[in-house]
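upload_13.tsv (TSV, C-alpha atoms)
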```
chain	number	residue	atom	x	y	z
A	12	MET	CA	-6.97	-27.34	-65.19
A	13	LYS	CA	-4.81	-24.26	-65.58
A	14	ASP	CA	-7.73	-22.07	-64.47
A	15	ALA	CA	-8.24	-24.23	-61.38
A	16	LEU	CA	-4.56	-24.07	-60.51
A	17	GLY	CA	-4.63	-20.33	-61.00
A	18	LEU	CA	-7.57	-19.95	-58.65
A	19	ILE	CA	-5.81	-22.07	-56.02
A	20	ALA	CA	-2.68	-19.95	-56.33
A	21	ILE	CA	-4.71	-16.77	-55.91
A	22	ALA	CA	-6.50	-18.23	-52.88
A	23	VAL	CA	-3.22	-19.25	-51.28
A	24	THR	CA	-1.79	-15.78	-51.95
A	25	LEU	CA	-4.83	-14.10	-50.41
A	26	MET	CA	-4.66	-16.36	-47.36
A	27	ALA	CA	-0.98	-15.61	-46.90
A	28	TYR	CA	-1.63	-11.90	-47.30
A	29	GLY	CA	-4.46	-12.09	-44.76
A	30	ALA	CA	-2.31	-13.94	-42.25
A	31	SER	CA	0.48	-11.41	-42.77
A	32	ALA	CA	-1.93	-8.52	-42.28
A	33	VAL	CA	-3.20	-10.03	-39.03
A	34	ALA	CA	0.34	-10.62	-37.83
A	35	GLN	CA	1.24	-7.01	-38.62
A	36	GLN	CA	-1.70	-5.56	-36.69
A	37	PRO	CA	-0.40	-3.72	-33.60
A	38	ALA	CA	-1.11	-5.31	-30.20
A	39	LYS	CA	-3.97	-3.73	-28.25
A	40	ILE	CA	-2.60	-1.06	-25.95
A	41	SER	CA	-4.15	-1.10	-22.48
A	42	ARG	CA	-4.13	2.25	-20.70
A	43	LEU	CA	-3.48	2.35	-16.95
A	44	GLY	CA	-3.66	5.45	-14.80
A	45	LEU	CA	-1.59	5.56	-11.60
A	46	LEU	CA	-2.55	7.97	-8.81
A	47	THR	CA	-0.35	8.07	-5.73
A	48	PHE	CA	0.72	10.37	-2.91
A	49	THR	CA	4.39	9.44	-3.32
A	50	ALA	CA	7.25	11.11	-5.17
A	51	PRO	CA	8.21	9.94	-8.68
A	52	PRO	CA	10.61	6.96	-8.76
A	53	PRO	CA	13.85	7.00	-10.78
A	54	THR	CA	12.11	4.98	-13.51
A	55	SER	CA	8.84	5.88	-15.24
A	56	ILE	CA	6.87	3.65	-12.85
A	57	PRO	CA	7.97	1.95	-9.59
A	58	ALA	CA	10.01	-1.21	-10.16
A	59	PRO	CA	7.67	-3.50	-8.11
A	60	LEU	CA	4.70	-2.28	-10.19
A	61	ASP	CA	6.57	-2.84	-13.44
A	62	GLN	CA	7.63	-6.34	-12.36
A	63	GLY	CA	4.11	-7.22	-11.22
A	64	LEU	CA	2.61	-6.09	-14.51
A	65	ARG	CA	5.20	-8.06	-16.49
A	66	LYS	CA	4.21	-11.22	-14.58
A	67	LEU	CA	0.74	-10.74	-16.01
A	68	GLY	CA	2.02	-10.12	-19.52
A	69	TYR	CA	1.87	-6.30	-19.59
A	70	VAL	CA	4.95	-4.45	-20.75
A	71	GLU	CA	5.01	-0.66	-20.78
A	72	GLY	CA	5.65	0.62	-24.28
A	73	GLN	CA	4.53	-2.62	-25.93
A	74	ASN	CA	0.98	-3.51	-24.90
A	75	LEU	CA	0.61	-1.11	-21.99
A	76	ALA	CA	0.61	2.67	-21.63
A	77	VAL	CA	0.87	4.06	-18.09
A	78	GLU	CA	-0.22	7.56	-17.11
A	79	PRO	CA	1.36	8.17	-13.67
A	80	ARG	CA	0.47	11.09	-11.40
A	81	TYR	CA	2.72	11.50	-8.37
A	82	ALA	CA	1.63	14.02	-5.71
A	83	SER	CA	5.15	14.09	-4.18
A	84	GLY	CA	3.79	14.28	-0.64
A	85	GLN	CA	1.36	17.12	-1.39
A	86	MET	CA	-2.07	15.68	-0.75
A	87	ASN	CA	-3.88	18.75	-2.08
A	88	ARG	CA	-2.59	17.90	-5.56
A	89	LEU	CA	-4.47	14.60	-5.72
A	90	PRO	CA	-7.95	15.94	-6.69
A	91	ALA	CA	-6.58	17.86	-9.69
A	92	PHE	CA	-4.48	14.88	-10.75
A	93	ALA	CA	-7.54	12.63	-10.49
A	94	VAL	CA	-9.58	14.99	-12.67
A	95	ASP	CA	-6.71	15.06	-15.15
A	96	LEU	CA	-6.68	11.25	-15.33
A	97	ALA	CA	-10.48	11.11	-15.65
A	98	ARG	CA	-10.25	13.17	-18.86
A	99	LEU	CA	-8.01	10.58	-20.50
A	100	PRO	CA	-9.20	7.46	-22.35
A	101	LEU	CA	-8.07	5.12	-19.59
A	102	ASP	CA	-9.12	1.51	-19.09
A	103	VAL	CA	-8.46	1.49	-15.34
A	104	ILE	CA	-6.94	3.65	-12.56
A	105	LEU	CA	-4.76	2.19	-9.79
A	106	ALA	CA	-5.13	4.43	-6.70
A	107	GLN	CA	-2.68	3.97	-3.83
A	108	SER	CA	-3.82	5.31	-0.40
A	109	TYR	CA	-7.22	6.49	0.79
A	110	PRO	CA	-6.74	10.14	-0.30
A	111	ALA	CA	-5.87	8.96	-3.82
A	112	ALA	CA	-8.81	6.54	-3.89
A	113	HIS	CA	-11.21	9.23	-2.64
A	114	ALA	CA	-9.94	11.74	-5.22
A	115	ALA	CA	-10.35	9.17	-8.00
A	116	LYS	CA	-13.88	8.33	-6.85
A	117	GLN	CA	-14.81	12.01	-6.87
A	118	ALA	CA	-13.34	12.47	-10.35
A	119	THR	CA	-15.00	9.59	-12.20
A	120	SER	CA	-17.87	7.15	-11.83
A	121	THR	CA	-17.20	5.41	-15.13
A	122	ILE	CA	-13.48	4.54	-15.29
A	123	PRO	CA	-12.78	1.40	-13.18
A	124	ILE	CA	-10.68	2.11	-10.08
A	125	VAL	CA	-8.53	-0.45	-8.25
A	126	ILE	CA	-7.49	0.61	-4.74
A	127	MET	CA	-4.73	-0.53	-2.39
A	128	GLY	CA	-3.35	0.81	0.88
A	129	ALA	CA	-6.59	2.72	1.41
A	130	GLY	CA	-7.57	1.44	4.85
A	131	ASP	CA	-11.05	-0.02	5.35
A	132	PRO	CA	-12.94	0.89	2.14
A	133	VAL	CA	-16.34	0.09	3.67
A	134	ALA	CA	-15.81	2.18	6.82
A	135	THR	CA	-14.54	5.11	4.73
A	136	GLY	CA	-17.46	4.86	2.31
A	137	LEU	CA	-15.44	4.03	-0.78
A	138	VAL	CA	-17.49	0.88	-1.46
A	139	ALA	CA	-20.80	-0.57	-0.32
A	140	SER	CA	-19.38	-3.87	0.94
A	141	PHE	CA	-16.38	-6.17	0.59
A	142	ALA	CA	-18.30	-8.89	-1.23
A	143	ARG	CA	-20.29	-6.55	-3.49
A	144	PRO	CA	-18.41	-3.27	-3.81
A	145	GLY	CA	-20.80	-1.92	-6.45
A	146	GLY	CA	-19.98	1.10	-8.59
A	147	ASN	CA	-16.61	1.41	-10.30
A	148	ILE	CA	-14.26	0.61	-7.38
A	149	THR	CA	-12.65	-2.63	-6.24
A	150	GLY	CA	-9.22	-3.63	-4.97
A	151	VAL	CA	-7.36	-4.90	-1.93
A	152	SER	CA	-7.83	-4.09	1.75
A	153	ALA	CA	-6.26	-5.25	5.00
A	154	LEU	CA	-8.13	-6.53	8.05
A	155	GLU	CA	-7.48	-3.24	9.81
A	156	GLU	CA	-9.30	-3.83	13.11
A	157	GLU	CA	-7.77	-7.22	13.77
A	158	LEU	CA	-4.30	-6.18	12.58
A	159	SER	CA	-4.13	-3.03	14.72
A	160	GLY	CA	-4.96	-4.98	17.86
A	161	LYS	CA	-2.56	-7.79	16.95
A	162	ARG	CA	0.34	-5.38	16.47
A	163	LEU	CA	-0.29	-3.73	19.82
A	164	GLU	CA	-0.60	-7.14	21.49
A	165	LEU	CA	2.80	-8.14	20.10
A	166	LEU	CA	4.31	-4.91	21.39
A	167	LYS	CA	2.78	-5.44	24.84
A	168	GLU	CA	3.85	-9.08	24.92
A	169	THR	CA	7.41	-8.08	24.04
A	170	PHE	CA	7.45	-5.30	26.63
A	171	PRO	CA	5.04	-6.29	29.42
A	172	LYS	CA	5.70	-3.05	31.35
A	173	LEU	CA	4.54	-0.95	28.39
A	174	ALA	CA	2.38	1.86	29.81
A	175	ARG	CA	2.64	4.72	27.27
A	176	VAL	CA	2.75	4.27	23.50
A	177	ALA	CA	3.21	7.08	20.97
A	178	LEU	CA	0.97	6.62	17.91
A	179	LEU	CA	2.14	8.50	14.85
A	180	TRP	CA	-0.18	8.68	11.83
A	181	ASN	CA	-1.28	10.88	8.96
A	182	ALA	CA	-4.21	12.80	10.45
A	183	ALA	CA	-5.14	14.17	7.01
A	184	ASP	CA	-5.89	10.64	5.81
A	185	PHE	CA	-9.37	9.53	6.91
A	186	GLY	CA	-8.52	5.87	6.38
A	187	MET	CA	-5.49	6.13	8.68
A	188	THR	CA	-7.47	8.14	11.25
A	189	LEU	CA	-9.96	5.27	11.48
A	190	LYS	CA	-7.04	2.93	12.08
A	191	PHE	CA	-5.75	5.27	14.80
A	192	ARG	CA	-9.13	5.12	16.55
A	193	GLU	CA	-9.02	1.32	16.45
A	194	LEU	CA	-5.62	1.41	18.09
A	195	GLU	CA	-6.92	3.78	20.76
A	196	ARG	CA	-9.66	1.28	21.60
A	197	ALA	CA	-7.20	-1.63	21.65
A	198	ALA	CA	-4.77	0.31	23.87
A	199	LYS	CA	-7.53	1.16	26.32
A	200	ALA	CA	-8.45	-2.51	26.65
A	201	MET	CA	-4.79	-3.27	27.40
A	202	ARG	CA	-4.57	-0.37	29.88
A	203	VAL	CA	-1.97	1.39	27.75
A	204	THR	CA	-2.02	5.18	27.51
A	205	VAL	CA	-1.90	6.59	23.98
A	206	GLN	CA	0.14	9.66	23.13
A	207	ALA	CA	-1.30	10.87	19.82
A	208	PHE	CA	0.95	12.39	17.18
A	209	GLY	CA	-1.14	13.22	14.13
A	210	VAL	CA	0.88	14.68	11.27
A	211	GLN	CA	-0.48	16.13	8.04
A	212	GLU	CA	2.61	17.10	6.08
A	213	SER	CA	6.36	16.58	6.16
A	214	LYS	CA	7.18	19.52	8.43
A	215	ASP	CA	4.93	18.05	11.13
A	216	VAL	CA	7.14	14.99	11.51
A	217	GLU	CA	10.07	16.90	13.01
A	218	ALA	CA	7.67	18.70	15.36
A	219	ALA	CA	6.31	15.32	16.44
A	220	PHE	CA	9.86	14.11	17.14
A	221	ALA	CA	10.49	17.13	19.38
A	222	GLU	CA	7.27	16.60	21.33
A	223	MET	CA	7.93	12.86	21.62
A	224	THR	CA	11.38	13.55	23.07
A	225	HIS	CA	9.70	15.69	25.72
A	226	LYS	CA	6.89	13.23	26.56
A	227	ARG	CA	9.13	10.14	26.63
A	228	PRO	CA	6.77	7.29	25.63
A	229	ASP	CA	7.74	3.68	26.34
A	230	ALA	CA	7.35	2.69	22.70
A	231	LEU	CA	6.47	4.05	19.27
A	232	PHE	CA	3.80	2.72	16.91
A	233	VAL	CA	3.84	4.03	13.33
A	234	ILE	CA	0.72	3.77	11.18
A	235	THR	CA	1.90	3.41	7.60
A	236	ASP	CA	0.62	5.46	4.69
A	237	PRO	CA	2.53	7.22	1.89
A	238	LEU	CA	3.33	10.22	4.14
A	239	THR	CA	4.82	8.23	7.01
A	240	GLN	CA	6.40	5.79	4.53
A	241	SER	CA	8.25	8.69	2.90
A	242	HIS	CA	9.83	9.41	6.31
A	243	ARG	CA	10.69	5.78	7.00
A	244	LYS	CA	14.42	6.28	7.50
A	245	GLN	CA	13.95	9.35	9.72
A	246	LEU	CA	11.49	7.43	11.89
A	247	VAL	CA	13.83	4.46	12.24
A	248	GLU	CA	16.79	6.73	13.04
A	249	PHE	CA	14.78	8.69	15.62
A	250	ALA	CA	13.72	5.49	17.40
A	251	ALA	CA	17.30	4.18	17.44
A	252	LYS	CA	18.77	7.48	18.65
A	253	ASN	CA	16.26	7.66	21.51
A	254	ARG	CA	16.49	3.93	22.31
A	255	LEU	CA	12.76	3.68	21.69
A	256	PRO	CA	11.21	0.28	20.86
A	257	ALA	CA	9.01	0.63	17.81
A	258	MET	CA	6.34	-1.37	15.99
A	259	TYR	CA	5.80	-0.83	12.27
A	260	GLU	CA	3.36	-2.25	9.77
A	261	ASN	CA	5.58	-3.66	7.04
A	262	ALA	CA	8.96	-5.15	6.26
A	263	PRO	CA	10.88	-2.18	4.75
A	264	TYR	CA	11.00	-0.46	8.16
A	265	VAL	CA	12.70	-3.47	9.73
A	266	ASP	CA	15.03	-3.85	6.77
A	267	ASP	CA	16.05	-0.22	7.34
A	268	GLY	CA	16.76	-0.84	11.04
A	269	GLY	CA	13.33	-0.75	12.68
A	270	LEU	CA	12.79	-3.11	15.61
A	271	MET	CA	9.57	-4.96	14.73
A	272	ALA	CA	6.89	-5.11	12.05
A	273	TYR	CA	3.76	-7.15	11.51
A	274	GLY	CA	1.45	-6.96	8.54
A	275	PRO	CA	0.43	-8.24	5.13
A	276	SER	CA	3.07	-8.99	2.53
A	277	GLN	CA	3.33	-5.86	0.40
A	278	ALA	CA	4.41	-7.91	-2.61
A	279	GLU	CA	1.35	-10.12	-2.31
A	280	ASN	CA	-0.99	-7.14	-1.85
A	281	LEU	CA	0.38	-5.46	-4.97
A	282	GLN	CA	0.04	-8.63	-7.02
A	283	ARG	CA	-3.56	-9.11	-5.83
A	284	ALA	CA	-4.37	-5.53	-6.85
A	285	LEU	CA	-2.77	-6.11	-10.24
A	286	HIS	CA	-4.82	-9.28	-10.74
A	287	HIS	CA	-7.88	-7.05	-10.38
A	288	VAL	CA	-6.37	-4.68	-12.94
A	289	ASP	CA	-5.78	-7.64	-15.27
A	290	ARG	CA	-9.34	-8.93	-14.94
A	291	ILE	CA	-10.77	-5.49	-15.60
A	292	LEU	CA	-8.60	-5.10	-18.70
A	293	LYS	CA	-9.99	-8.45	-19.87
A	294	GLY	CA	-13.56	-7.28	-19.49
A	295	THR	CA	-14.70	-7.94	-15.91
A	296	LYS	CA	-16.65	-5.11	-14.28
A	297	PRO	CA	-15.21	-3.80	-11.00
A	298	ALA	CA	-18.64	-4.16	-9.34
A	299	ASP	CA	-18.32	-7.92	-9.90
A	300	LEU	CA	-14.89	-8.16	-8.24
A	301	PRO	CA	-15.02	-8.48	-4.42
A	302	ILE	CA	-12.54	-6.48	-2.35
A	303	GLU	CA	-9.77	-8.98	-1.56
A	304	GLN	CA	-8.21	-9.50	1.85
A	305	PRO	CA	-4.55	-10.43	2.39
A	306	THR	CA	-3.74	-14.05	3.17
A	307	LYS	CA	-0.01	-13.81	3.83
A	308	PHE	CA	1.24	-11.97	6.92
A	309	GLU	CA	4.80	-11.36	8.08
A	310	PHE	CA	6.23	-10.82	11.55
A	311	LEU	CA	9.77	-9.47	11.45
A	312	VAL	CA	12.24	-8.76	14.24
A	313	ASN	CA	15.58	-6.97	14.00
A	314	LEU	CA	17.88	-8.33	16.73
A	315	LYS	CA	20.70	-6.00	15.68
A	316	THR	CA	18.44	-3.07	16.52
A	317	ALA	CA	17.32	-4.71	19.77
A	318	LYS	CA	20.96	-4.93	20.86
A	319	GLN	CA	21.63	-1.36	19.72
A	320	ILE	CA	18.82	0.11	21.82
A	321	GLY	CA	19.39	-2.25	24.76
A	322	VAL	CA	16.23	-4.36	24.78
A	323	THR	CA	15.63	-8.11	24.83
A	324	ILE	CA	13.07	-9.89	22.66
A	325	PRO	CA	11.52	-12.72	24.71
A	326	PRO	CA	11.97	-16.23	23.25
A	327	ASN	CA	8.18	-16.78	23.07
A	328	VAL	CA	7.92	-13.73	20.79
A	329	LEU	CA	11.05	-14.44	18.79
A	330	VAL	CA	9.95	-17.98	17.93
A	331	ARG	CA	6.88	-16.58	16.14
A	332	ALA	CA	8.91	-14.36	13.82
A	333	ASP	CA	8.85	-15.22	10.12
A	334	ARG	CA	12.15	-13.46	9.62
A	335	VAL	CA	14.84	-12.40	12.09
A	336	ILE	CA	17.65	-9.99	11.22
A	337	ARG	CA	20.71	-10.86	13.32
```
Produce structure tokens that represent the structure in this file.
Amino acid sequence: MKDALGLIAIAVTLMAYGASAVAQQPAKISRLGLLTFTAPPPTSIPAPLDQGLRKLGYVEGQNLAVEPRYASGQMNRLPAFAVDLARLPLDVILAQSYPAAHAAKQATSTIPIVIMGAGDPVATGLVASFARPGGNITGVSALEEELSGKRLELLKETFPKLARVALLWNAADFGMTLKFRELERAAKAMRVTVQAFGVQESKDVEAAFAEMTHKRPDALFVITDPLTQSHRKQLVEFAAKNRLPAMYENAPYVDDGGLMAYGPSQAENLQRALHHVDRILKGTKPADLPIEQPTKFEFLVNLKTAKQIGVTIPPNVLVRADRVIR
């Protein structure tokens, strides 16, 4: 009896020890690479990215290690950064913008890549198709052709006499150049003349402002990518100073004083991209994850800005706004 009790005690001790050992094992650390054209944020990673990852249960420093590479507006740094990331034991790379996605694709064919803000990934050759991307790339894309035309339609509907529109875009970004060409086609169908302002680096933006002041367009249309986004406040201030109606592609421009914006919810797009990251970290192959399209779109109007620049937003346009700043 004593021997039996002794064996039971030993078994219980071993079980307790085993459970303790399992409990003490460190959590698996997932490794995420971040490749972006933007400048470094005040924190180690951008707050929206950190919050989105936390929603999915990933906390940097606990079960997640992030290797960020910020090009700080210098596109020529992206290829070297991508190669640097490809040498690391990463589980997945999040590439923001077409140049970052292209650099990542050139650097690795084995590490999964999730893209966002990269334009039309099929037209640019990043993936084979939306439904079956193939290879090591998946992510989120907007309906660029339809959106470009819709934005221009809203601008024309708001200002029926619109005859000349200035299109400002990053001409060094192939994805944004394709979007510019779509807008050219849409403008031609609406009998609107396009004044093209292709910029490639920060110094080009001021030069574009000077030329725009000389050419005097009826309205401004800004194609958003990390380069133009980094000059968001300057663009909004220029439009206000010159009493120039402007259409943008996302909410932060209007929050900063821009007149109008129409496009996918940035928060939703980021969360969709992070869901792809999550599924890859849990074992799904990127080739099996279709490129997702946005489902939530926002039309924003800033009536304070409209009053400041002396324009009126027609009621039939205003009633369609999801958010109005008064």
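Between atom CA of A:Ala114 and atom CA of A:Val288 the interatomic distance comes to 18.5 Å.
Shortest atom-to-atom contact with A:Pro237 among A:Ala58, A:Ile320, A:Ala106, A:Val203: A:Ala106, counting all atoms listed in the file.
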* Do you know which residues lie at most 12 Å from (-9.8, 10.5, -7.0), with coordinates as in the file and all atoms listed in the file counted, and could you write them as an MDAnalysis selection string? -> chainID A and resid 44:48 80 86:97 104:120 122:126 129 137 147:148
* **Which residue of A:Val312, A:Leu285, A:Ala298, A:Ala218 approaches A:Asp267 most closely, using all atoms listed in the file** =>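 Selected residue with least distance to A:Asp267: A:Val312.
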* Local residues around (1.9, -14.8, 4.6), at most 9 Å away, using all atoms listed in the file, as a PyMOL selection string -> chain A and resi 274-276+279+305-309+333
Closest pair table for stretch 260-308 of chain A residues within 7 Å of stretch 242-256 of chain A, all atoms listed in the file, as CSV:
```
residue,atom,partner,partner_atom,distance
A:Tyr264,CA,A:Arg243,CA,6.4
A:Asp267,CA,A:Lys244,CA,6.7
A:Gly268,CA,A:Val247,CA,6.2
A:Gly269,CA,A:Val247,CA,5.3
A:Leu270,CA,A:Pro256,CA,6.4
```
Selection export as a PDB file, in the coordinates of the input, atoms kept: C-alpha atoms:
```pdb
ATOM      1  CA  TYR A 264      11.000  -0.460   8.160  1.00  0.00           C
ATOM      2  CA  ASP A 267      16.050  -0.220   7.340  1.00  0.00           C
ATOM      3  CA  GLY A 268      16.760  -0.840  11.040  1.00  0.00           C
ATOM      4  CA  GLY A 269      13.330  -0.750  12.680  1.00  0.00           C
ATOM      5  CA  LEU A 270      12.790  -3.110  15.610  1.00  0.00           C
TER       6      LEU A 270
END
```
* From the set A:Leu238, A:Val265, A:Ala278, A:Val210, which residue has the shortest atom-to-atom contact distance to A:Ile336, counting all atoms listed in the file? ->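 Looking only at the distances to A:Ile336, the closest residue turns out to be A:Val265.
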* Asked: When you draw a straight line from atom CA of A:Trp180 to atom CA of A:Val216, how long is it in Å?
  ->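 Taking atom CA of A:Trp180 and atom CA of A:Val216, their separation equals 9.7 Å.
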* **Atom pair atom CA of A:Leu300 / atom CA of A:Thr149: separation (Å)** => 6.3 Å
* Near A:Ala207, counting only C-alpha atoms, which residues have an atom at most 7 Å away, once you skip same-chain residues fewer than 5 positions from it, shown as a PyMOL selection string? -> chain A and resi 177-179
Using the incomplete input, complete stretch 235-256 of chain A to the level of N, CA, C and O atoms; output as an mmCIF file, in the coordinates of the input.
```cif
data_model
loop_
_atom_site.group_PDB
_atom_site.id
_atom_site.type_symbol
_atom_site.label_atom_id
_atom_site.label_comp_id
_atom_site.auth_asym_id
_atom_site.auth_seq_id
_atom_site.Cartn_x
_atom_site.Cartn_y
_atom_site.Cartn_z
ATOM 1 N N THR A 235 1.273 3.190 8.900
ATOM 2 C CA THR A 235 1.900 3.410 7.600
ATOM 3 C C THR A 235 0.914 3.907 6.544
ATOM 4 O O THR A 235 -0.151 3.338 6.349
ATOM 5 N N ASP A 236 1.283 4.988 5.897
ATOM 6 C CA ASP A 236 0.620 5.460 4.690
ATOM 7 C C ASP A 236 1.729 6.125 3.865
ATOM 8 O O ASP A 236 2.886 6.164 4.308
ATOM 9 N N PRO A 237 1.444 6.649 2.682
ATOM 10 C CA PRO A 237 2.530 7.220 1.890
ATOM 11 C C PRO A 237 3.311 8.338 2.588
ATOM 12 O O PRO A 237 4.512 8.483 2.373
ATOM 13 N N LEU A 238 2.636 9.141 3.439
ATOM 14 C CA LEU A 238 3.330 10.220 4.140
ATOM 15 C C LEU A 238 4.341 9.661 5.138
ATOM 16 O O LEU A 238 5.522 10.035 5.122
ATOM 17 N N THR A 239 3.889 8.776 6.020
ATOM 18 C CA THR A 239 4.820 8.230 7.010
ATOM 19 C C THR A 239 5.856 7.329 6.334
ATOM 20 O O THR A 239 7.011 7.278 6.753
ATOM 21 N N GLN A 240 5.451 6.641 5.268
ATOM 22 C CA GLN A 240 6.400 5.790 4.530
ATOM 23 C C GLN A 240 7.528 6.623 3.935
ATOM 24 O O GLN A 240 8.681 6.183 3.894
ATOM 25 N N SER A 241 7.211 7.832 3.498
ATOM 26 C CA SER A 241 8.250 8.690 2.900
ATOM 27 C C SER A 241 9.258 9.159 3.941
ATOM 28 O O SER A 241 10.347 9.624 3.590
ATOM 29 N N HIS A 242 8.915 9.041 5.227
ATOM 30 C CA HIS A 242 9.830 9.410 6.310
ATOM 31 C C HIS A 242 10.348 8.178 7.054
ATOM 32 O O HIS A 242 10.761 8.274 8.207
ATOM 33 N N ARG A 243 10.331 7.042 6.363
ATOM 34 C CA ARG A 243 10.690 5.780 7.000
ATOM 35 C C ARG A 243 12.066 5.827 7.661
ATOM 36 O O ARG A 243 12.220 5.472 8.832
ATOM 37 N N LYS A 244 13.062 6.286 6.956
ATOM 38 C CA LYS A 244 14.420 6.280 7.500
ATOM 39 C C LYS A 244 14.562 7.234 8.681
ATOM 40 O O LYS A 244 15.243 6.914 9.662
ATOM 41 N N GLN A 245 13.890 8.403 8.595
ATOM 42 C CA GLN A 245 13.950 9.350 9.720
ATOM 43 C C GLN A 245 13.293 8.759 10.958
ATOM 44 O O GLN A 245 13.785 8.926 12.074
ATOM 45 N N LEU A 246 12.176 8.049 10.767
ATOM 46 C CA LEU A 246 11.490 7.430 11.890
ATOM 47 C C LEU A 246 12.346 6.359 12.548
ATOM 48 O O LEU A 246 12.455 6.297 13.782
ATOM 49 N N VAL A 247 12.966 5.526 11.726
ATOM 50 C CA VAL A 247 13.830 4.460 12.240
ATOM 51 C C VAL A 247 15.022 5.055 12.976
ATOM 52 O O VAL A 247 15.403 4.602 14.073
ATOM 53 N N GLU A 248 15.627 6.088 12.412
ATOM 54 C CA GLU A 248 16.790 6.730 13.040
ATOM 55 C C GLU A 248 16.412 7.408 14.352
ATOM 56 O O GLU A 248 17.167 7.353 15.332
ATOM 57 N N PHE A 249 15.229 8.041 14.390
ATOM 58 C CA PHE A 249 14.780 8.690 15.620
ATOM 59 C C PHE A 249 14.592 7.660 16.725
ATOM 60 O O PHE A 249 15.019 7.864 17.870
ATOM 61 N N ALA A 250 13.954 6.537 16.395
ATOM 62 C CA ALA A 250 13.720 5.490 17.400
ATOM 63 C C ALA A 250 15.044 4.936 17.923
ATOM 64 O O ALA A 250 15.195 4.718 19.131
ATOM 65 N N ALA A 251 15.998 4.722 17.026
ATOM 66 C CA ALA A 251 17.300 4.180 17.440
ATOM 67 C C ALA A 251 18.050 5.181 18.312
ATOM 68 O O ALA A 251 18.608 4.814 19.358
ATOM 69 N N LYS A 252 18.056 6.434 17.905
ATOM 70 C CA LYS A 252 18.770 7.480 18.650
ATOM 71 C C LYS A 252 18.214 7.622 20.057
ATOM 72 O O LYS A 252 18.958 7.845 21.018
ATOM 73 N N ASN A 253 16.907 7.478 20.210
ATOM 74 C CA ASN A 253 16.260 7.660 21.510
ATOM 75 C C ASN A 253 16.005 6.343 22.232
ATOM 76 O O ASN A 253 15.286 6.312 23.236
ATOM 77 N N ARG A 254 16.609 5.260 21.701
ATOM 78 C CA ARG A 254 16.490 3.930 22.310
ATOM 79 C C ARG A 254 15.024 3.595 22.582
ATOM 80 O O ARG A 254 14.652 3.135 23.664
ATOM 81 N N LEU A 255 14.209 3.813 21.563
ATOM 82 C CA LEU A 255 12.760 3.680 21.690
ATOM 83 C C LEU A 255 12.289 2.447 20.912
ATOM 84 O O LEU A 255 12.391 2.397 19.688
ATOM 85 N N PRO A 256 11.762 1.431 21.595
ATOM 86 C CA PRO A 256 11.210 0.280 20.860
ATOM 87 C C PRO A 256 10.076 0.726 19.952
ATOM 88 O O PRO A 256 9.265 1.578 20.340
#
```
